[in-house]
Structures are given as C-alpha cells and as structure tokens.
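I have placed the structure first, in the form of structure tokens, so that the comments after it can refer back to it.
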Amino acid sequence: MAKLTEEGEELRLAAPEERLGELADLQEVLGALAEALGFSDDQVQEAARRKRAERGGFSRRLWLDSVTTPE
C-alpha cells in the first residue's frame with residue numbers, strides 16, 4: 001500500500017507532460033495490488049461499475065467531505 005501512496009504523490013507532483021507516465025505507474029500498482037489481494041481486473045472493474053451506479057463517480061471532480069443528519 002505504501003507504493004500506491006508513493007505513486008499517487010508522484011502523480012500529484014508531476015508536470016503535465018509527465019502525468020500520463022505517472023498514471024500508467026499508478027495503474028500498474030493498482031493491478032498488482034488487486035492480484036495480491038486475490039481479485040481480477042474484471043472483478044475490480046465490476047465493483048467500480050456497481051459503486052458508480054449506486055453512488056455516482058468522480059467525473060465531475062466533486063466529492064462529499066462529510067454528511068450530517070438532523071437530530
């Protein structure tokens with residue numbers, strides 16, 4: 001998991017012309033992590049599809065920081 005964090009940080013700091021390569025590195029680490037945890041790429045993609053259908057995705061670059069409920 002540390003490698004995933006490292007690659008994410010490298011992507012965050014990358015110059016625009018380096019981002020594609022850094023994304024490729026990140027994808028490689030994610031694939032290796034999925035395999036190490038016993039999941040196929042297809043299983044991960046299906047889980048992502050289900051979550052996107054249920055909760056939405058990140059294509060609009062919006063995310064929820066917190067939720068409060070009235071008491």
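A note on labels: chains of the structure tokens are A, B, ... as shown, every chain counts residues from 1, and ligands are counted from 1 in their shown order.
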Mind the document's chain letters and residue numbers, and return as a ChimeraX atom specification the residues of range 6-67 of chain A that DSSP labels alpha helix (DSSP H).
/A:6-13,19-36,41-55
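Once Lys3 in chain A and its same-chain neighbours fewer than 6 positions away are set aside, Glu9, Leu26, Val29, Leu30 and Leu33 of chain A remain within 10 Å of it when counting only C-alpha atoms.
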Just how far from CA of Gly8 in chain A is CA of Phe58 in chain A, in Å to one decimal?
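It comes out at 16.3 Å.
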Tell me which protein, DNA and RNA residues are within 12 Å of Glu28 in chain A, counting only C-alpha atoms, leaving out same-chain ones fewer than 6 positions away, and put them as a list in words.
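Contacts, with the query itself left out: Lys3, Leu4, Glu7, Gly8, Gly21, Glu22, Ala34, Glu35 and Asp41 of chain A.
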